[in-house]
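The file final_4.txt contains compact mmCIF, C-alpha atoms:
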```txt
# COMPACT_ATOMS: atom_id res chain seq x y z
CA MET A 227 62.21 183.70 61.48
CA GLU A 228 61.21 184.18 57.86
CA HIS A 229 58.37 186.67 57.36
CA LYS A 230 55.76 186.54 54.60
CA ALA A 231 53.60 189.43 53.43
CA GLY A 232 51.50 190.22 50.40
CA PHE A 233 48.35 191.60 48.83
CA VAL A 234 45.39 189.26 48.33
CA ASN A 235 42.76 190.91 46.16
CA ILE A 236 39.16 189.68 45.98
CA ILE A 237 37.12 190.28 42.82
CA GLY A 238 33.80 189.03 41.45
CA ASN A 239 30.30 190.04 40.37
CA PRO A 240 28.03 191.95 42.80
CA ASN A 241 26.43 189.97 45.64
CA VAL A 242 28.78 186.96 45.54
CA GLY A 243 29.80 187.45 49.19
CA LYS A 244 33.20 189.19 48.86
CA SER A 245 32.59 191.41 51.88
CA THR A 246 31.42 188.46 54.00
CA LEU A 247 34.60 186.58 53.10
CA MET A 248 36.92 189.45 53.96
CA ASN A 249 35.18 190.05 57.26
CA ALA A 250 35.52 186.32 58.02
CA PHE A 251 39.28 186.48 57.30
CA VAL A 252 39.83 189.66 59.32
CA GLY A 253 37.44 188.84 62.17
CA GLU A 254 35.91 192.33 62.03
CA ARG A 255 33.06 193.93 60.06
CA LEU A 256 35.14 196.20 57.84
CA SER A 257 32.99 195.85 54.71
CA ILE A 258 29.26 196.46 54.81
CA ILE A 259 27.02 193.54 53.92
CA THR A 260 23.48 193.84 52.58
CA SER A 261 21.41 191.91 50.05
CA LYS A 262 21.45 194.88 47.66
CA ALA A 263 23.88 195.00 44.73
CA GLN A 264 26.81 197.47 44.64
CA THR A 265 27.12 197.63 48.43
CA THR A 266 30.90 198.04 48.23
CA ARG A 267 31.87 201.29 46.48
CA HIS A 268 35.53 201.62 47.45
CA ARG A 269 38.54 199.35 47.65
CA ILE A 270 38.76 198.45 51.34
CA LEU A 271 41.87 196.87 52.87
CA GLY A 272 41.66 194.46 55.77
CA ILE A 273 44.96 193.43 57.39
CA VAL A 274 45.55 190.10 59.15
CA ASN A 275 48.76 189.87 61.17
CA GLY A 276 50.60 186.89 62.62
CA ASP A 277 54.08 186.55 64.12
CA ASP A 278 55.54 185.58 60.75
CA PHE A 279 53.01 186.91 58.23
CA GLN A 280 50.90 189.87 57.15
CA VAL A 281 48.01 189.32 54.74
CA VAL A 282 46.68 192.52 53.18
CA LEU A 283 43.19 191.68 51.89
CA SER A 284 41.42 193.91 49.42
CA ASP A 285 37.64 193.91 48.97
CA THR A 286 36.70 195.61 45.69
CA PRO A 287 33.34 196.70 44.25
CA GLY A 288 31.37 194.05 42.38
CA ILE A 289 32.12 194.04 38.64
CA ILE A 290 29.45 195.84 36.59
CA LYS A 291 29.15 197.68 33.29
CA PRO A 292 29.43 201.34 34.40
CA ALA A 293 26.43 203.60 33.71
CA TYR A 294 27.77 206.86 35.18
CA GLU A 295 30.97 208.46 36.53
CA MET A 296 30.79 207.01 40.04
CA GLN A 297 30.51 203.48 38.66
CA LYS A 298 33.49 204.11 36.35
CA SER A 299 35.50 205.09 39.43
CA MET A 300 34.32 201.93 41.19
CA MET A 301 35.65 199.85 38.28
CA ASP A 302 38.97 201.72 38.49
CA PHE A 303 39.31 200.31 42.02
CA VAL A 304 38.86 196.81 40.54
CA LYS A 305 41.51 197.48 37.85
CA SER A 306 43.99 198.56 40.53
CA ALA A 307 43.38 195.24 42.33
CA PHE A 308 45.00 193.41 39.38
CA GLU A 309 48.10 195.60 39.49
CA ASP A 310 49.45 194.90 42.98
CA ALA A 311 48.09 191.43 43.82
CA ASP A 312 50.36 188.60 44.99
CA VAL A 313 47.35 186.26 45.10
CA LEU A 314 44.08 186.83 43.26
CA ILE A 315 40.79 185.51 44.63
CA TYR A 316 38.08 185.19 42.00
CA MET A 317 34.82 184.65 43.82
CA VAL A 318 31.72 183.15 42.19
CA GLU A 319 28.52 181.69 43.60
CA ILE A 320 26.60 178.51 42.87
CA GLY A 321 24.69 178.91 39.59
CA GLU A 322 26.92 181.66 38.22
CA LYS A 323 28.44 181.10 34.77
CA GLU A 324 30.41 184.22 33.81
CA LEU A 325 31.99 187.49 34.90
CA LYS A 326 30.16 190.65 33.81
CA ASP A 327 33.25 192.03 32.04
CA ASP A 328 35.17 190.10 29.37
CA ASP A 329 38.36 192.15 29.82
CA PHE A 330 38.54 191.36 33.53
CA PHE A 331 37.84 187.68 32.85
CA ASN A 332 40.62 187.61 30.25
CA LYS A 333 43.02 189.03 32.83
CA ILE A 334 42.07 186.31 35.30
CA ILE A 335 42.64 183.37 32.93
CA HIS A 336 45.98 184.81 31.77
CA SER A 337 47.14 185.81 35.24
CA LYS A 338 50.80 185.17 36.06
CA ILE A 339 50.04 185.14 39.79
CA PRO A 340 48.21 182.36 41.71
CA VAL A 341 44.41 182.44 41.29
CA LEU A 342 42.09 180.90 43.88
CA LEU A 343 38.56 180.46 42.54
CA LEU A 344 36.16 180.33 45.47
CA LEU A 345 32.76 178.80 44.74
CA ASN A 346 30.63 180.47 47.42
CA LYS A 347 27.18 179.76 48.92
CA ILE A 348 27.54 175.99 48.62
CA ASP A 349 25.19 175.74 51.62
CA LYS A 350 22.45 176.56 49.06
CA SER A 351 23.32 173.68 46.71
CA ASN A 352 23.40 169.87 46.59
CA GLN A 353 26.29 167.53 45.81
CA GLU A 354 25.31 166.99 42.16
CA GLN A 355 25.03 170.72 41.47
CA LEU A 356 28.32 171.38 43.26
CA GLU A 357 30.18 168.79 41.15
CA GLU A 358 28.73 170.26 37.94
CA GLN A 359 29.82 173.76 38.96
CA ILE A 360 33.35 172.65 39.86
CA GLU A 361 33.69 170.97 36.45
CA LEU A 362 32.35 174.10 34.70
CA TRP A 363 34.86 176.41 36.39
CA LYS A 364 37.78 174.01 35.94
CA ASN A 365 37.20 174.30 32.18
CA LYS A 366 36.63 178.07 32.21
CA VAL A 367 39.58 178.98 34.50
CA PRO A 368 42.13 176.16 34.13
CA ASN A 369 44.84 178.19 35.89
CA ALA A 370 42.84 178.45 39.14
CA GLU A 371 42.75 176.31 42.26
CA ILE A 372 39.06 175.77 43.10
CA TYR A 373 37.69 175.81 46.65
CA PRO A 374 34.00 175.30 47.48
CA ILE A 375 33.17 177.54 50.45
CA SER A 376 30.40 179.14 52.46
CA ALA A 377 31.68 182.52 53.66
CA LEU A 378 28.53 183.04 55.74
CA GLU A 379 28.80 179.64 57.47
CA ASN A 380 32.63 179.85 57.66
CA PHE A 381 32.96 176.55 55.78
CA ASN A 382 36.42 175.97 54.24
CA VAL A 383 37.43 179.61 54.97
CA LYS A 384 40.34 178.54 57.23
CA GLU A 385 41.60 176.11 54.55
CA VAL A 386 41.61 178.93 51.96
CA PHE A 387 43.45 181.24 54.38
CA ASN A 388 46.10 178.56 55.04
CA ARG A 389 46.61 178.19 51.28
CA ILE A 390 47.01 181.97 50.97
CA LEU A 391 49.76 181.85 53.61
CA GLU A 392 51.58 179.15 51.60
CA LEU A 393 51.42 181.30 48.45
CA LEU A 394 52.60 184.59 49.98
CA PRO A 395 56.10 185.80 49.05
CA GLN A 396 58.76 186.43 51.68
CA SER A 397 58.57 190.09 52.60
CA PRO A 398 58.62 192.42 55.60
CA PRO A 399 55.18 193.76 56.63
CA TYR A 400 53.70 196.59 54.55
CA TYR A 401 51.74 198.10 57.46
CA PRO A 402 52.30 198.39 61.24
CA LYS A 403 51.62 195.06 62.94
CA ASP A 404 48.70 196.47 64.96
CA ALA A 405 46.92 197.84 61.85
CA LEU A 406 43.53 196.41 60.94
CA THR A 407 42.82 198.54 57.84
CA ASP A 408 44.15 201.49 55.85
CA LYS A 409 40.92 203.49 56.22
CA PRO A 410 40.37 206.28 58.81
CA GLU A 411 37.62 206.18 61.45
CA ARG A 412 35.39 208.57 59.51
CA PHE A 413 35.29 206.13 56.58
CA PHE A 414 33.68 203.47 58.79
CA VAL A 415 31.22 206.00 60.20
CA ASN A 416 30.18 206.86 56.64
CA GLU A 417 29.92 203.20 55.64
CA THR A 418 27.86 202.30 58.73
CA ILE A 419 25.33 205.07 58.03
CA ARG A 420 25.20 204.07 54.35
CA GLU A 421 24.57 200.46 55.35
CA GLN A 422 21.54 201.50 57.42
CA ILE A 423 20.21 203.50 54.46
CA LEU A 424 20.64 200.45 52.21
CA LEU A 425 18.67 198.39 54.73
CA ASN A 426 15.87 200.92 55.35
CA TYR A 427 15.11 202.46 51.95
CA ASP A 428 14.07 201.01 48.59
CA LYS A 429 14.65 201.62 44.88
CA GLU A 430 17.02 204.41 43.85
CA ILE A 431 17.40 206.10 47.26
CA PRO A 432 20.42 204.12 48.60
CA TYR A 433 22.34 204.56 45.34
CA ALA A 434 21.78 208.33 45.25
CA VAL A 435 23.25 208.74 48.75
CA GLU A 436 26.76 209.63 49.90
CA ILE A 437 27.82 210.31 53.48
CA GLU A 438 30.26 212.93 54.73
CA THR A 439 31.31 212.99 58.39
CA GLU A 440 32.12 216.58 59.32
CA GLU A 441 32.97 216.00 63.00
CA PHE A 442 34.53 213.06 64.80
CA LEU A 443 35.47 214.08 68.34
CA GLU A 444 36.74 211.27 70.56
CA ASP A 445 36.98 211.44 74.35
CA GLU A 446 37.88 208.67 76.76
CA LYS A 447 34.31 207.36 77.03
CA ILE A 448 32.34 208.90 74.15
CA ILE A 449 32.69 209.75 70.46
CA ARG A 450 30.66 212.69 69.16
CA ILE A 451 29.85 212.48 65.46
CA LYS A 452 28.19 214.89 63.05
CA SER A 453 27.47 213.47 59.58
CA VAL A 454 25.72 214.76 56.47
CA ILE A 455 23.68 212.50 54.19
CA MET A 456 23.99 213.82 50.63
CA VAL A 457 21.17 213.15 48.14
CA GLU A 458 20.68 214.28 44.54
CA ARG A 459 17.12 215.68 44.69
CA ASP A 460 14.72 217.43 47.07
CA THR A 461 12.24 214.54 46.82
CA GLN A 462 14.97 212.15 48.02
CA LYS A 463 15.70 214.44 50.95
CA GLY A 464 12.05 214.23 51.99
CA ILE A 465 12.08 210.43 51.79
CA ILE A 466 15.29 210.15 53.83
CA ILE A 467 13.88 212.41 56.58
CA GLY A 468 10.44 210.77 56.58
CA HIS A 469 7.23 211.87 58.30
CA LYS A 470 8.13 214.17 61.20
CA GLY A 471 11.76 213.00 60.91
CA ALA A 472 10.92 209.39 61.90
CA ALA A 473 12.90 207.68 59.12
CA LEU A 474 16.06 209.73 59.75
CA LYS A 475 15.75 209.15 63.50
CA LYS A 476 15.63 205.38 62.89
CA VAL A 477 18.77 205.49 60.73
CA GLY A 478 20.53 207.52 63.43
CA MET A 479 19.55 205.08 66.18
CA GLN A 480 20.61 201.99 64.20
CA SER A 481 23.89 203.64 63.13
CA ARG A 482 24.66 204.54 66.75
CA GLU A 483 24.12 200.93 67.86
CA GLU A 484 26.43 199.56 65.14
CA LEU A 485 29.12 202.19 65.77
CA GLU A 486 29.10 201.49 69.51
CA LYS A 487 29.86 197.83 68.68
CA PHE A 488 32.59 198.83 66.20
CA PHE A 489 34.38 201.40 68.37
CA GLY A 490 33.56 199.91 71.80
CA LYS A 491 32.50 203.32 73.13
CA GLN A 492 29.38 205.36 73.69
CA ILE A 493 28.37 207.22 70.51
CA HIS A 494 26.50 210.49 70.15
CA ILE A 495 25.53 211.03 66.51
CA GLU A 496 23.78 213.89 64.71
CA LEU A 497 22.56 213.39 61.14
CA PHE A 498 21.70 216.09 58.60
CA VAL A 499 20.41 215.77 55.02
CA LYS A 500 21.58 218.01 52.16
CA VAL A 501 20.87 218.08 48.43
CA ASN A 502 24.04 217.80 46.32
CA LYS A 503 22.73 217.66 42.75
CA ASP A 504 24.17 215.05 40.38
CA TRP A 505 27.16 214.29 42.63
CA ARG A 506 27.47 210.80 41.05
CA SER A 507 28.36 212.36 37.68
CA ASN A 508 30.47 215.28 38.94
CA ALA A 509 34.24 214.68 38.81
CA TYR A 510 34.99 217.28 41.51
CA GLN A 511 32.41 215.80 43.91
CA LEU A 512 33.62 212.26 43.24
CA ARG A 513 37.21 213.24 44.07
CA ARG A 514 35.95 214.89 47.25
CA PHE A 515 34.24 211.64 48.28
CA GLY A 516 37.33 209.55 47.48
CA TYR A 517 36.29 207.96 44.18
CA ASN A 518 38.37 209.61 41.47
CA GLN A 519 42.02 209.18 42.38
CA LYS A 520 43.30 210.35 38.98
```

Write-out of the structure in structure tokens:
Amino acid sequence: MEHKAGFVNIIGNPNVGKSTLMNAFVGERLSIITSKAQTTRHRILGIVNGDDFQVVLSDTPGIIKPAYEMQKSMMDFVKSAFEDADVLIYMVEIGEKELKDDDFFNKIIHSKIPVLLLLNKIDKSNQEQLEEQIELWKNKVPNAEIYPISALENFNVKEVFNRILELLPQSPPYYPKDALTDKPERFFVNETIREQILLNYDKEIPYAVEIETEEFLEDEKIIRIKSVIMVERDTQKGIIIGHKGAALKKVGMQSREELEKFFGKQIHIELFVKVNKDWRSNAYQLRRFGYNQK
């Protein structure tokens, strides 16, 4: 039996639904999903295995103009997605007219590999608007195959996945056939806690936060976790903790519930808050948190 395998990399502006799409393909919540921009900070692989195929999906940060070191590192993850892709997914949403970086857009329209342009959130449009948008993107990206989809409603997602399978090169699998992702357990603990912070706090707070899991001890029935929430300033620490610790307790409770679903085990989680000044602009700290790979 011939075996196909390859890397399918998903790029686009923030908030177009890249994480929702990857989770729909994989069937697991690997990428966090919130309504806030810049939810995805790392390049996250999701692996879909069949008897005769392995699709290695890559969810990258939304394309932005970097304002500080961490965002530059995030854009490095996007650049790397161009380098190893066998199929490139360029994801846009209804009403969108351009990518926020001309260099990246130039790479897409001159790509030598297949490009699938997915027009997402069509559940929020009408037929006339959809036809206009398809015509617009046909002219802008003539090398792309265009698919209208709704990642949230799972509309046309299976058709896109079947097309990906047709485009994959013949290759042995890149990862073990039981692998779901390339990330360790602690990564998903960190991302789950960060998701709850994105959902519970406003303004700058979620973007000034990084999570470090110091302990992950797994027994047959329970996982014991100790994680530190890093912030940049003392005032942010106070906001994260809240009055008499109520805000932090809520984050801990919600994180525990989500992690119990993810791991299928009882979770005991302890959260601490520490000030780590200017970590977003510190090359050493960024390497420590997995951003700067150089």

Val386 (chain A) proximity check over A:Gly232, A:Met456, A:Gly253, A:Ile315, using only C-alpha atoms: winner is A:Ile315

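Note that the spacing between CA of His494 (chain A) and CA of Ile448 (chain A) amounts to 7.3 Å.
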
Can you work out which one of A:Asp277, A:Glu458, A:Glu484, A:Asp329 has the shortest atom-to-atom distance to Glu228 (chain A), counting only C-alpha atoms?
A:Asp277

List as an MDAnalysis selection string the protein and nucleic acid residues near Pro398 (chain A), meaning an atom at most 7 Å away when all atoms listed in the file are counted, but skip any in the same chain fewer than 2 places from it.
chainID A and resid 229:231 400

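Remark: for Val341 (chain A), the closest of the candidate residues A:Lys364, A:His469, A:Lys323, A:Lys447 is A:Lys364 (distances computed over only C-alpha atoms).
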
Work out where the centre of an axis-aligned box around every listed atom of region 308-324 of chain A lies and how long its edges are once 6 Å is added on each side; give both in Å to one decimal as AutoDock Vina command-line options.
```
--center_x 37.5 --center_y 187.1 --center_z 39.5 --size_x 37.7 --size_y 29.1 --size_z 23.3
```

Got a sec: who's within 12 Å of Glu486 (chain A), counting all atoms listed in the file, leaving out chain neighbours fewer than 5 positions off, as a ChimeraX atom specification?
/A:414-415,418,447-451,479-481,491-495

Might you pull out every residue within 6 Å of region 344-346 of chain A, with all atoms listed in the file counted and same-chain residues fewer than 3 positions away left off, and present them as an NGL selection string?
:A and (317-319 or 372-376)

Could you check the closest approach to Gln355 (chain A) for each of A:Thr246, A:Gly321, A:Leu443, A:Arg514 and tell me which residue wins, using all atoms listed in the file?
A:Gly321

With a distance cut-off of 10 Å and all atoms listed in the file, select the neighbouring residues of region 280-283 of chain A, excluding the residue or stretch itself and same-chain residues fewer than 4 positions from it, and output the selection as a PDB file with C-alpha atoms, in the coordinates of the input.
```
ATOM      1  CA  HIS A 229      58.370 186.670  57.360  1.00  0.00           C
ATOM      2  CA  LYS A 230      55.760 186.540  54.600  1.00  0.00           C
ATOM      3  CA  ALA A 231      53.600 189.430  53.430  1.00  0.00           C
ATOM      4  CA  GLY A 232      51.500 190.220  50.400  1.00  0.00           C
ATOM      5  CA  PHE A 233      48.350 191.600  48.830  1.00  0.00           C
ATOM      6  CA  VAL A 234      45.390 189.260  48.330  1.00  0.00           C
ATOM      7  CA  ASN A 235      42.760 190.910  46.160  1.00  0.00           C
ATOM      8  CA  ILE A 236      39.160 189.680  45.980  1.00  0.00           C
ATOM      9  CA  MET A 248      36.920 189.450  53.960  1.00  0.00           C
ATOM     10  CA  ASN A 249      35.180 190.050  57.260  1.00  0.00           C
ATOM     11  CA  PHE A 251      39.280 186.480  57.300  1.00  0.00           C
ATOM     12  CA  VAL A 252      39.830 189.660  59.320  1.00  0.00           C
ATOM     13  CA  ARG A 269      38.540 199.350  47.650  1.00  0.00           C
ATOM     14  CA  ILE A 270      38.760 198.450  51.340  1.00  0.00           C
ATOM     15  CA  LEU A 271      41.870 196.870  52.870  1.00  0.00           C
ATOM     16  CA  GLY A 272      41.660 194.460  55.770  1.00  0.00           C
ATOM     17  CA  ILE A 273      44.960 193.430  57.390  1.00  0.00           C
ATOM     18  CA  VAL A 274      45.550 190.100  59.150  1.00  0.00           C
ATOM     19  CA  ASN A 275      48.760 189.870  61.170  1.00  0.00           C
ATOM     20  CA  GLY A 276      50.600 186.890  62.620  1.00  0.00           C
ATOM     21  CA  ALA A 311      48.090 191.430  43.820  1.00  0.00           C
ATOM     22  CA  ASP A 312      50.360 188.600  44.990  1.00  0.00           C
ATOM     23  CA  VAL A 313      47.350 186.260  45.100  1.00  0.00           C
ATOM     24  CA  LEU A 314      44.080 186.830  43.260  1.00  0.00           C
ATOM     25  CA  ILE A 315      40.790 185.510  44.630  1.00  0.00           C
ATOM     26  CA  PHE A 387      43.450 181.240  54.380  1.00  0.00           C
ATOM     27  CA  ILE A 390      47.010 181.970  50.970  1.00  0.00           C
ATOM     28  CA  LEU A 391      49.760 181.850  53.610  1.00  0.00           C
ATOM     29  CA  LEU A 394      52.600 184.590  49.980  1.00  0.00           C
ATOM     30  CA  SER A 397      58.570 190.090  52.600  1.00  0.00           C
ATOM     31  CA  PRO A 398      58.620 192.420  55.600  1.00  0.00           C
ATOM     32  CA  PRO A 399      55.180 193.760  56.630  1.00  0.00           C
ATOM     33  CA  TYR A 400      53.700 196.590  54.550  1.00  0.00           C
ATOM     34  CA  TYR A 401      51.740 198.100  57.460  1.00  0.00           C
ATOM     35  CA  PRO A 402      52.300 198.390  61.240  1.00  0.00           C
ATOM     36  CA  LYS A 403      51.620 195.060  62.940  1.00  0.00           C
ATOM     37  CA  LEU A 406      43.530 196.410  60.940  1.00  0.00           C
ATOM     38  CA  THR A 407      42.820 198.540  57.840  1.00  0.00           C
ATOM     39  CA  ASP A 408      44.150 201.490  55.850  1.00  0.00           C
TER      40      ASP A 408
END
```

Counting all atoms listed in the file, I want the residues whose atoms come within 7 Å of (24.0, 178.5, 45.8) in the file frame, returned as a PyMOL selection string.
chain A and resi 319-321+347-351

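Checking A:Val367, A:Phe279, A:Met227, A:Ile437 one by one against Asn388 (chain A), counting only C-alpha atoms, you find the shortest gap at A:Phe279.
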
Among listed residues A:Ile237, A:Ala473, A:Val435, A:Val457, nearest Asp327 (chain A) (using all atoms listed in the file):
A:Ile237

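Going from CA of Gln396 (chain A) to CA of Glu309 (chain A) covers 18.6 Å.
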
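When CA of Ile419 (chain A) is paired with CA of Asn380 (chain A), their separation reads 26.3 Å.
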